[in-house]
file model.txt (compact mmCIF, C-alpha atoms)
# COMPACT_ATOMS: atom_id res chain seq x y z
CA MET A 23 -83.78 28.63 15.93
CA ARG A 24 -83.04 32.05 14.57
CA THR A 25 -83.35 32.63 10.84
CA ARG A 26 -79.92 34.30 10.63
CA PHE A 27 -78.16 31.13 11.80
CA HIS A 28 -80.07 29.12 9.18
CA GLY A 29 -78.93 31.62 6.58
CA LEU A 30 -75.31 31.29 7.68
CA ALA A 31 -75.54 27.51 7.42
CA VAL A 32 -77.04 27.62 3.91
CA VAL A 33 -74.57 30.20 2.64
CA GLY A 34 -71.72 28.25 4.25
CA CYS A 35 -72.75 25.10 2.40
CA MET A 36 -72.97 26.99 -0.88
CA MET A 37 -69.57 28.56 -0.27
CA ALA A 38 -68.02 25.18 0.52
CA CYS A 39 -68.98 24.11 -3.01
CA HIS A 40 -67.49 27.35 -4.41
CA CYS A 41 -70.36 27.38 -6.83
CA PHE A 42 -73.50 29.41 -7.33
CA PRO A 43 -75.67 28.67 -10.35
CA ASP A 44 -75.48 31.32 -13.06
CA SER A 45 -79.09 32.14 -13.88
CA GLY A 46 -78.00 33.72 -17.16
CA GLN A 47 -77.21 30.36 -18.75
CA ASP A 48 -79.43 27.42 -19.52
CA GLY A 49 -78.86 23.68 -19.42
CA PRO A 50 -76.75 21.29 -17.40
CA GLU A 51 -73.49 22.72 -18.78
CA SER A 52 -74.05 26.08 -17.09
CA GLU A 53 -70.95 27.37 -15.36
CA CYS A 54 -70.83 28.61 -11.83
CA ILE A 55 -70.16 32.23 -11.09
CA SER A 56 -67.55 33.01 -8.49
CA CYS A 57 -68.69 34.63 -5.30
CA ASP A 58 -66.75 37.14 -3.26
CA ALA A 59 -68.95 36.44 -0.27
CA ASP A 60 -68.17 38.32 2.89
CA LEU A 61 -68.65 35.36 5.21
CA GLU A 62 -65.12 34.09 4.76
CA PHE A 63 -62.92 34.66 7.79
CA GLU A 64 -59.54 36.30 7.31
CA LEU A 65 -57.00 37.57 9.81
CA ASP A 66 -56.02 41.23 9.57
CA GLU A 67 -52.22 41.26 9.82
CA THR A 68 -52.25 45.02 10.53
CA CYS A 69 -54.45 44.65 13.59
CA ALA A 70 -53.03 44.25 17.08
CA LEU A 71 -55.30 44.43 20.10
CA PRO A 72 -54.47 43.74 23.73
CA GLY A 73 -56.20 41.12 25.80
CA ALA A 74 -58.23 38.07 24.98
CA LEU A 75 -61.84 37.39 24.15
CA THR A 76 -64.03 36.12 26.96
CA VAL A 77 -66.28 33.19 26.12
CA ALA A 78 -69.18 31.68 28.04
CA ILE A 79 -71.24 28.63 27.05
CA GLY A 80 -74.95 28.56 27.69
CA GLU A 81 -78.05 27.01 26.22
CA GLY A 82 -81.15 28.19 24.46
CA PRO A 83 -82.58 28.45 20.96
CA ASP A 84 -83.40 32.17 21.24
CA ASP A 85 -81.56 33.45 24.29
CA PHE A 86 -78.35 32.94 26.28
CA LEU A 87 -79.15 30.97 29.41
CA PRO A 88 -76.02 30.25 31.49
CA LEU A 89 -75.27 26.65 32.45
CA ALA A 90 -74.04 25.94 35.98
CA ASP A 91 -70.89 23.81 36.35
CA GLY A 92 -71.77 20.23 35.46
CA GLU A 93 -75.34 21.12 34.45
CA ARG A 94 -76.64 19.09 31.53
CA PRO A 95 -78.23 21.17 28.77
CA GLU A 96 -81.85 20.38 27.99
CA PHE A 97 -82.04 17.48 25.53
CA HIS A 98 -84.81 17.65 22.93
CA ALA A 99 -85.73 14.11 21.85
CA GLY A 100 -86.97 13.70 18.30
CA PHE A 101 -89.84 11.44 17.30
CA GLN A 102 -87.54 9.22 15.21
CA GLY A 103 -85.14 8.45 18.05
CA GLY A 104 -82.58 11.22 17.59
CA GLY A 105 -82.28 14.41 19.52
CA HIS A 106 -80.24 17.53 20.17
CA SER A 107 -79.48 20.36 22.55
CA PHE A 108 -79.53 24.08 21.74
CA PHE A 109 -76.32 25.78 22.79
CA SER A 110 -75.57 29.48 22.89
CA VAL A 111 -72.32 31.37 23.19
CA GLN A 112 -71.55 34.76 24.68
CA VAL A 113 -68.36 36.61 23.70
CA GLY A 114 -66.88 39.63 25.45
CA ASN A 115 -64.00 42.03 24.74
CA VAL A 116 -65.14 42.24 21.10
CA GLU A 117 -63.98 45.39 19.28
CA LEU A 118 -67.36 46.18 17.75
CA ASP A 119 -66.12 49.29 15.95
CA ARG A 120 -63.09 47.50 14.46
CA TYR A 121 -64.50 44.33 12.86
CA ASP A 122 -67.76 42.53 12.15
CA ARG A 123 -66.77 38.85 12.03
CA LEU A 124 -66.00 36.17 14.58
CA GLU A 125 -64.90 32.61 13.90
CA VAL A 126 -66.51 30.15 16.30
CA ALA A 127 -65.23 26.57 16.49
CA VAL A 128 -67.34 24.07 18.41
CA ASP A 129 -65.67 20.81 19.48
CA VAL A 130 -67.31 17.95 21.36
CA TYR A 131 -65.52 15.17 23.22
CA HIS A 132 -66.15 12.13 25.32
CA PRO A 133 -64.94 13.16 28.82
CA GLN A 134 -62.04 10.69 28.70
CA ALA A 135 -60.72 12.31 25.49
CA CYS A 136 -60.45 15.77 27.06
CA PRO A 137 -58.79 15.77 30.51
CA ASP A 138 -60.41 17.79 33.27
CA ASP A 139 -57.30 19.84 34.07
CA GLY A 140 -58.48 23.24 32.87
CA THR A 141 -56.46 23.15 29.65
CA HIS A 142 -57.62 23.69 26.10
CA CYS A 143 -58.18 20.34 24.37
CA SER A 144 -56.92 19.85 20.83
CA PRO A 145 -59.42 20.08 17.97
CA SER A 146 -61.71 17.07 17.80
CA ASN A 147 -62.88 15.03 14.86
CA GLN A 148 -66.34 16.43 15.61
CA ARG A 149 -65.46 20.07 14.97
CA ARG A 150 -67.90 22.56 13.52
CA VAL A 151 -66.71 26.04 12.50
CA VAL A 152 -69.12 28.92 11.93
CA VAL A 153 -68.35 32.51 10.95
CA LEU A 154 -70.64 34.93 12.75
CA ASP A 155 -71.51 37.99 10.72
CA GLY A 156 -72.18 41.14 12.70
CA ASP A 157 -75.06 42.36 10.55
CA PRO A 158 -76.47 42.94 13.12
CA TRP A 159 -74.81 41.48 16.19
CA THR A 160 -77.04 40.25 18.94
CA LEU A 161 -75.74 42.40 21.78
CA VAL A 162 -76.67 42.13 25.43
CA ASP A 163 -74.83 44.44 27.83
CA GLY A 164 -72.01 44.86 25.27
CA LEU A 165 -71.54 41.10 24.83
CA VAL A 166 -72.02 39.36 21.47
CA GLN A 167 -74.40 36.40 21.67
CA GLU A 168 -75.25 33.61 19.25
CA HIS A 169 -78.11 31.25 20.04
CA GLY A 170 -79.57 28.06 18.66
CA ILE A 171 -76.35 26.17 17.94
CA ILE A 172 -77.64 22.62 17.53
CA LEU A 173 -75.47 19.81 18.86
CA PRO A 174 -76.73 16.20 18.80
CA LEU A 175 -75.33 15.28 22.22
CA GLU A 176 -76.60 12.88 24.82
CA GLY A 177 -74.89 11.39 27.86
CA GLN A 178 -71.62 12.60 29.36
CA THR A 179 -69.92 15.12 27.11
CA VAL A 180 -67.43 17.96 26.98
CA ALA A 181 -68.32 20.89 24.72
CA GLN A 182 -65.51 23.34 23.96
CA ILE A 183 -66.04 26.59 22.09
CA THR A 184 -63.09 28.56 20.74
CA VAL A 185 -63.62 32.05 19.31
CA ARG A 186 -61.18 34.08 17.20
CA ASP A 187 -61.49 37.61 15.89
CA PRO A 188 -59.80 39.13 12.80
CA CYS A 189 -57.10 40.67 15.01
CA GLY A 190 -56.02 37.23 16.20
CA GLN A 191 -57.48 37.53 19.70
CA THR A 192 -58.86 34.23 20.94
CA GLY A 193 -60.91 32.98 23.82
CA TRP A 194 -62.41 29.66 24.77
CA ALA A 195 -64.63 27.92 27.28
CA GLN A 196 -65.52 24.34 28.12
CA HIS A 197 -68.63 22.87 29.62
CA ARG A 198 -68.67 19.34 31.08
CA TRP A 199 -71.61 17.26 32.12

call {"tool": "encode", "arguments": {"input": "model.txt", "output": "structure tokens"}}
result
Amino acid sequence: MRTRFHGLAVVGCMMACHCFPDSGQDGPESECISCDADLEFELDETCALPGALTVAIGEGPDDFLPLADGERPEFHAGFQGGGHSFFSVQVGNVELDRYDRLEVAVDVYHPQACPDDGTHCSPSNQRRVVVLDGDPWTLVDGLVQEHGIILPLEGQTVAQITVRDPCGQTGWAQHRW
């Protein structure tokens, strides 16, 4: 898994607590300093762009490898009985000179909970939201890629990824196996 994604996860956890230890104070009563971290996602009300984002779901810890329709991603079994798959996402129609953040929501469903009619399924109770920071973007042929998204999935599943940019453009894709 890429180090940048680990960093986003750690910073995201720290931000969720809204608290960073203040190294200038000693003892258990030390206050937390506020953080104006740049990884928060905000819509830019002044921005209006045409079109939608394009989203593709693939697999791979370090690369975007497309998945064929119905293809099961490789499952990595752990030695204690658990396991996971490495997903990757590829996003197109990104205005690279306009903004440097994308909000990526990953939802997983049992196939019966998300009908196979080509429509966007409502957010699941297994939603994970990540803000991708473009410092630097992983770009391949003008497409933004993020790799190494760990999902502990096994058996029949529907993975849905929804991406939003600061201008309000959205795009989504589903993969069923």

call {"tool": "atom_distance", "arguments": {"input": "model.txt", "atom1": "atom CA of Glu168 of chain A", "atom2": "atom CA of Asp85 of chain A"}}
result
8.1 Å

call {"tool": "residues_around", "arguments": {"input": "model.txt", "residues": "Leu65 of chain A", "least_positions_apart": "5", "cutoff": "10 Å", "atoms": "all atoms listed in the file", "output": "number ranges by chain"}}
result
A: 186-191

call {"tool": "write_last_selection", "arguments": {"input": "model.txt", "atoms": "C-alpha atoms", "output": "short mmCIF file (atom, residue, chain, number, x, y, z; two decimals), in the frame of the given file"}}
result
data_model
loop_
_atom_site.label_atom_id
_atom_site.label_comp_id
_atom_site.auth_asym_id
_atom_site.auth_seq_id
_atom_site.Cartn_x
_atom_site.Cartn_y
_atom_site.Cartn_z
CA ARG A 186 -61.18 34.08 17.20
CA ASP A 187 -61.49 37.61 15.89
CA PRO A 188 -59.80 39.13 12.80
CA CYS A 189 -57.10 40.67 15.01
CA GLY A 190 -56.02 37.23 16.20
CA GLN A 191 -57.48 37.53 19.70
#

call {"tool": "residues_around", "arguments": {"input": "model.txt", "residues": "Thr76 of chain A", "least_positions_apart": "3", "cutoff": "9 Å", "atoms": "only C-alpha atoms", "output": "list in words"}}
result
Gln112, Val113, Gly114, Asn115, Val116, Val185, Thr192, Gly193, Trp194 and Ala195 of chain A

call {"tool": "residues_around", "arguments": {"input": "model.txt", "residues": "segment 150-163 of chain A", "least_positions_apart": "4", "cutoff": "8 Å", "atoms": "only C-alpha atoms", "output": "short mmCIF file (atom, residue, chain, number, x, y, z; two decimals) with C-alpha atoms, in the coordinates of the input"}}
result
data_model
loop_
_atom_site.label_atom_id
_atom_site.label_comp_id
_atom_site.auth_asym_id
_atom_site.auth_seq_id
_atom_site.Cartn_x
_atom_site.Cartn_y
_atom_site.Cartn_z
CA LEU A 30 -75.31 31.29 7.68
CA ALA A 31 -75.54 27.51 7.42
CA LEU A 61 -68.65 35.36 5.21
CA GLU A 62 -65.12 34.09 4.76
CA PHE A 63 -62.92 34.66 7.79
CA ASP A 122 -67.76 42.53 12.15
CA ARG A 123 -66.77 38.85 12.03
CA LEU A 124 -66.00 36.17 14.58
CA GLU A 125 -64.90 32.61 13.90
CA VAL A 126 -66.51 30.15 16.30
CA ALA A 127 -65.23 26.57 16.49
CA VAL A 128 -67.34 24.07 18.41
CA ASP A 129 -65.67 20.81 19.48
CA GLN A 167 -74.40 36.40 21.67
CA GLU A 168 -75.25 33.61 19.25
#

call {"tool": "residues_around", "arguments": {"input": "model.txt", "residues": "Phe108 of chain A", "least_positions_apart": "6", "cutoff": "12 Å", "atoms": "all atoms listed in the file", "output": "PyMOL selection string"}}
result
chain A and resi 23-24+79-87+89+94-99+168-176

call {"tool": "closest_residue", "arguments": {"input": "model.txt", "among": "A:Val180, A:Ala90, A:Leu165, A:Leu118", "to": "Gln148 of chain A", "atoms": "all atoms listed in the file"}}
result
A:Val180

call {"tool": "atom_distance", "arguments": {"input": "model.txt", "atom1": "atom CA of Tyr121 of chain A", "atom2": "atom CA of Ala78 of chain A"}}
result
20.3 Å

call {"tool": "closest_residue", "arguments": {"input": "model.txt", "among": "A:Asp138, A:Arg120, A:Tyr131, A:Ala181", "to": "Leu71 of chain A", "atoms": "all atoms listed in the file"}}
result
A:Arg120

call {"tool": "atom_distance", "arguments": {"input": "model.txt", "atom1": "atom CA of Val111 of chain A", "atom2": "atom CA of His132 of chain A"}}
result
20.3 Å

call {"tool": "closest_residue", "arguments": {"input": "model.txt", "among": "A:Pro133, A:Glu64, A:Val77, A:Asn147", "to": "Ser110 of chain A", "atoms": "only C-alpha atoms"}}
result
A:Val77

call {"tool": "closest_residue", "arguments": {"input": "model.txt", "among": "A:Trp199, A:Pro145, A:Glu117, A:Phe109", "to": "Pro72 of chain A", "atoms": "all atoms listed in the file"}}
result
A:Glu117

call {"tool": "closest_residue", "arguments": {"input": "model.txt", "among": "A:Gln178, A:Gly140, A:Ala135, A:Gly105", "to": "Glu93 of chain A", "atoms": "only C-alpha atoms"}}
result
A:Gln178

call {"tool": "build_atoms", "arguments": {"input": "model.txt", "residues": "segment 173-184 of chain A", "atoms": "all heavy atoms", "output": "PDB file, keeping the file's coordinate frame"}}
result
ATOM      1  N   LEU A 173     -76.442  20.887  18.710  1.00  0.00           N
ATOM      2  CA  LEU A 173     -75.470  19.810  18.860  1.00  0.00           C
ATOM      3  C   LEU A 173     -76.228  18.545  19.248  1.00  0.00           C
ATOM      4  O   LEU A 173     -76.983  18.542  20.222  1.00  0.00           O
ATOM      5  CB  LEU A 173     -74.438  20.149  19.932  1.00  0.00           C
ATOM      6  CG  LEU A 173     -73.516  21.328  19.632  1.00  0.00           C
ATOM      7  CD1 LEU A 173     -72.587  21.590  20.807  1.00  0.00           C
ATOM      8  CD2 LEU A 173     -72.699  21.065  18.378  1.00  0.00           C
ATOM      9  N   PRO A 174     -76.027  17.455  18.506  1.00  0.00           N
ATOM     10  CA  PRO A 174     -76.730  16.200  18.800  1.00  0.00           C
ATOM     11  C   PRO A 174     -75.990  15.416  19.884  1.00  0.00           C
ATOM     12  O   PRO A 174     -75.322  14.423  19.605  1.00  0.00           O
ATOM     13  CB  PRO A 174     -76.713  15.470  17.457  1.00  0.00           C
ATOM     14  CG  PRO A 174     -75.462  15.956  16.809  1.00  0.00           C
ATOM     15  CD  PRO A 174     -75.277  17.381  17.267  1.00  0.00           C
ATOM     16  N   LEU A 175     -76.084  15.876  21.122  1.00  0.00           N
ATOM     17  CA  LEU A 175     -75.330  15.280  22.220  1.00  0.00           C
ATOM     18  C   LEU A 175     -76.276  14.647  23.234  1.00  0.00           C
ATOM     19  O   LEU A 175     -77.327  15.182  23.544  1.00  0.00           O
ATOM     20  CB  LEU A 175     -74.505  16.343  22.930  1.00  0.00           C
ATOM     21  CG  LEU A 175     -73.590  17.178  22.043  1.00  0.00           C
ATOM     22  CD1 LEU A 175     -72.956  18.285  22.856  1.00  0.00           C
ATOM     23  CD2 LEU A 175     -72.539  16.303  21.404  1.00  0.00           C
ATOM     24  N   GLU A 176     -75.843  13.534  23.755  1.00  0.00           N
ATOM     25  CA  GLU A 176     -76.600  12.880  24.820  1.00  0.00           C
ATOM     26  C   GLU A 176     -75.589  12.146  25.681  1.00  0.00           C
ATOM     27  O   GLU A 176     -74.588  11.645  25.188  1.00  0.00           O
ATOM     28  CB  GLU A 176     -77.618  11.913  24.237  1.00  0.00           C
ATOM     29  CG  GLU A 176     -78.576  11.383  25.267  1.00  0.00           C
ATOM     30  CD  GLU A 176     -79.692  10.558  24.641  1.00  0.00           C
ATOM     31  OE1 GLU A 176     -79.545  10.124  23.483  1.00  0.00           O
ATOM     32  OE2 GLU A 176     -80.688  10.341  25.318  1.00  0.00           O
ATOM     33  N   GLY A 177     -75.833  12.054  26.975  1.00  0.00           N
ATOM     34  CA  GLY A 177     -74.890  11.390  27.860  1.00  0.00           C
ATOM     35  C   GLY A 177     -73.776  12.339  28.276  1.00  0.00           C
ATOM     36  O   GLY A 177     -73.831  13.539  28.052  1.00  0.00           O
ATOM     37  N   GLN A 178     -72.737  11.781  28.892  1.00  0.00           N
ATOM     38  CA  GLN A 178     -71.620  12.600  29.360  1.00  0.00           C
ATOM     39  C   GLN A 178     -70.837  13.143  28.180  1.00  0.00           C
ATOM     40  O   GLN A 178     -70.490  12.417  27.253  1.00  0.00           O
ATOM     41  CB  GLN A 178     -70.701  11.769  30.247  1.00  0.00           C
ATOM     42  CG  GLN A 178     -71.341  11.362  31.550  1.00  0.00           C
ATOM     43  CD  GLN A 178     -70.357  10.619  32.420  1.00  0.00           C
ATOM     44  OE1 GLN A 178     -69.445   9.965  31.935  1.00  0.00           O
ATOM     45  NE2 GLN A 178     -70.537  10.744  33.724  1.00  0.00           N
ATOM     46  N   THR A 179     -70.562  14.442  28.233  1.00  0.00           N
ATOM     47  CA  THR A 179     -69.920  15.120  27.110  1.00  0.00           C
ATOM     48  C   THR A 179     -69.120  16.311  27.603  1.00  0.00           C
ATOM     49  O   THR A 179     -69.403  16.870  28.655  1.00  0.00           O
ATOM     50  CB  THR A 179     -70.993  15.621  26.106  1.00  0.00           C
ATOM     51  OG1 THR A 179     -71.789  14.516  25.699  1.00  0.00           O
ATOM     52  CG2 THR A 179     -70.388  16.274  24.884  1.00  0.00           C
ATOM     53  N   VAL A 180     -68.140  16.699  26.791  1.00  0.00           N
ATOM     54  CA  VAL A 180     -67.430  17.960  26.980  1.00  0.00           C
ATOM     55  C   VAL A 180     -67.649  18.767  25.710  1.00  0.00           C
ATOM     56  O   VAL A 180     -67.361  18.287  24.615  1.00  0.00           O
ATOM     57  CB  VAL A 180     -65.916  17.752  27.206  1.00  0.00           C
ATOM     58  CG1 VAL A 180     -65.206  19.092  27.325  1.00  0.00           C
ATOM     59  CG2 VAL A 180     -65.660  16.886  28.424  1.00  0.00           C
ATOM     60  N   ALA A 181     -68.180  19.970  25.856  1.00  0.00           N
ATOM     61  CA  ALA A 181     -68.320  20.890  24.720  1.00  0.00           C
ATOM     62  C   ALA A 181     -67.297  21.998  24.933  1.00  0.00           C
ATOM     63  O   ALA A 181     -67.180  22.552  26.029  1.00  0.00           O
ATOM     64  CB  ALA A 181     -69.726  21.475  24.669  1.00  0.00           C
ATOM     65  N   GLN A 182     -66.518  22.275  23.893  1.00  0.00           N
ATOM     66  CA  GLN A 182     -65.510  23.340  23.960  1.00  0.00           C
ATOM     67  C   GLN A 182     -65.760  24.297  22.807  1.00  0.00           C
ATOM     68  O   GLN A 182     -65.914  23.870  21.666  1.00  0.00           O
ATOM     69  CB  GLN A 182     -64.116  22.742  23.847  1.00  0.00           C
ATOM     70  CG  GLN A 182     -63.004  23.773  23.838  1.00  0.00           C
ATOM     71  CD  GLN A 182     -61.650  23.105  23.815  1.00  0.00           C
ATOM     72  OE1 GLN A 182     -61.174  22.649  24.841  1.00  0.00           O
ATOM     73  NE2 GLN A 182     -61.043  23.034  22.648  1.00  0.00           N
ATOM     74  N   ILE A 183     -65.835  25.580  23.118  1.00  0.00           N
ATOM     75  CA  ILE A 183     -66.040  26.590  22.090  1.00  0.00           C
ATOM     76  C   ILE A 183     -64.843  27.529  22.096  1.00  0.00           C
ATOM     77  O   ILE A 183     -64.469  28.063  23.143  1.00  0.00           O
ATOM     78  CB  ILE A 183     -67.358  27.365  22.324  1.00  0.00           C
ATOM     79  CG1 ILE A 183     -68.535  26.402  22.181  1.00  0.00           C
ATOM     80  CG2 ILE A 183     -67.471  28.532  21.346  1.00  0.00           C
ATOM     81  CD1 ILE A 183     -69.893  27.016  22.352  1.00  0.00           C
ATOM     82  N   THR A 184     -64.236  27.684  20.923  1.00  0.00           N
ATOM     83  CA  THR A 184     -63.090  28.560  20.740  1.00  0.00           C
ATOM     84  C   THR A 184     -63.496  29.661  19.768  1.00  0.00           C
ATOM     85  O   THR A 184     -64.047  29.378  18.710  1.00  0.00           O
ATOM     86  CB  THR A 184     -61.888  27.779  20.160  1.00  0.00           C
ATOM     87  OG1 THR A 184     -61.632  26.644  20.990  1.00  0.00           O
ATOM     88  CG2 THR A 184     -60.655  28.650  20.088  1.00  0.00           C
TER      89      THR A 184
END
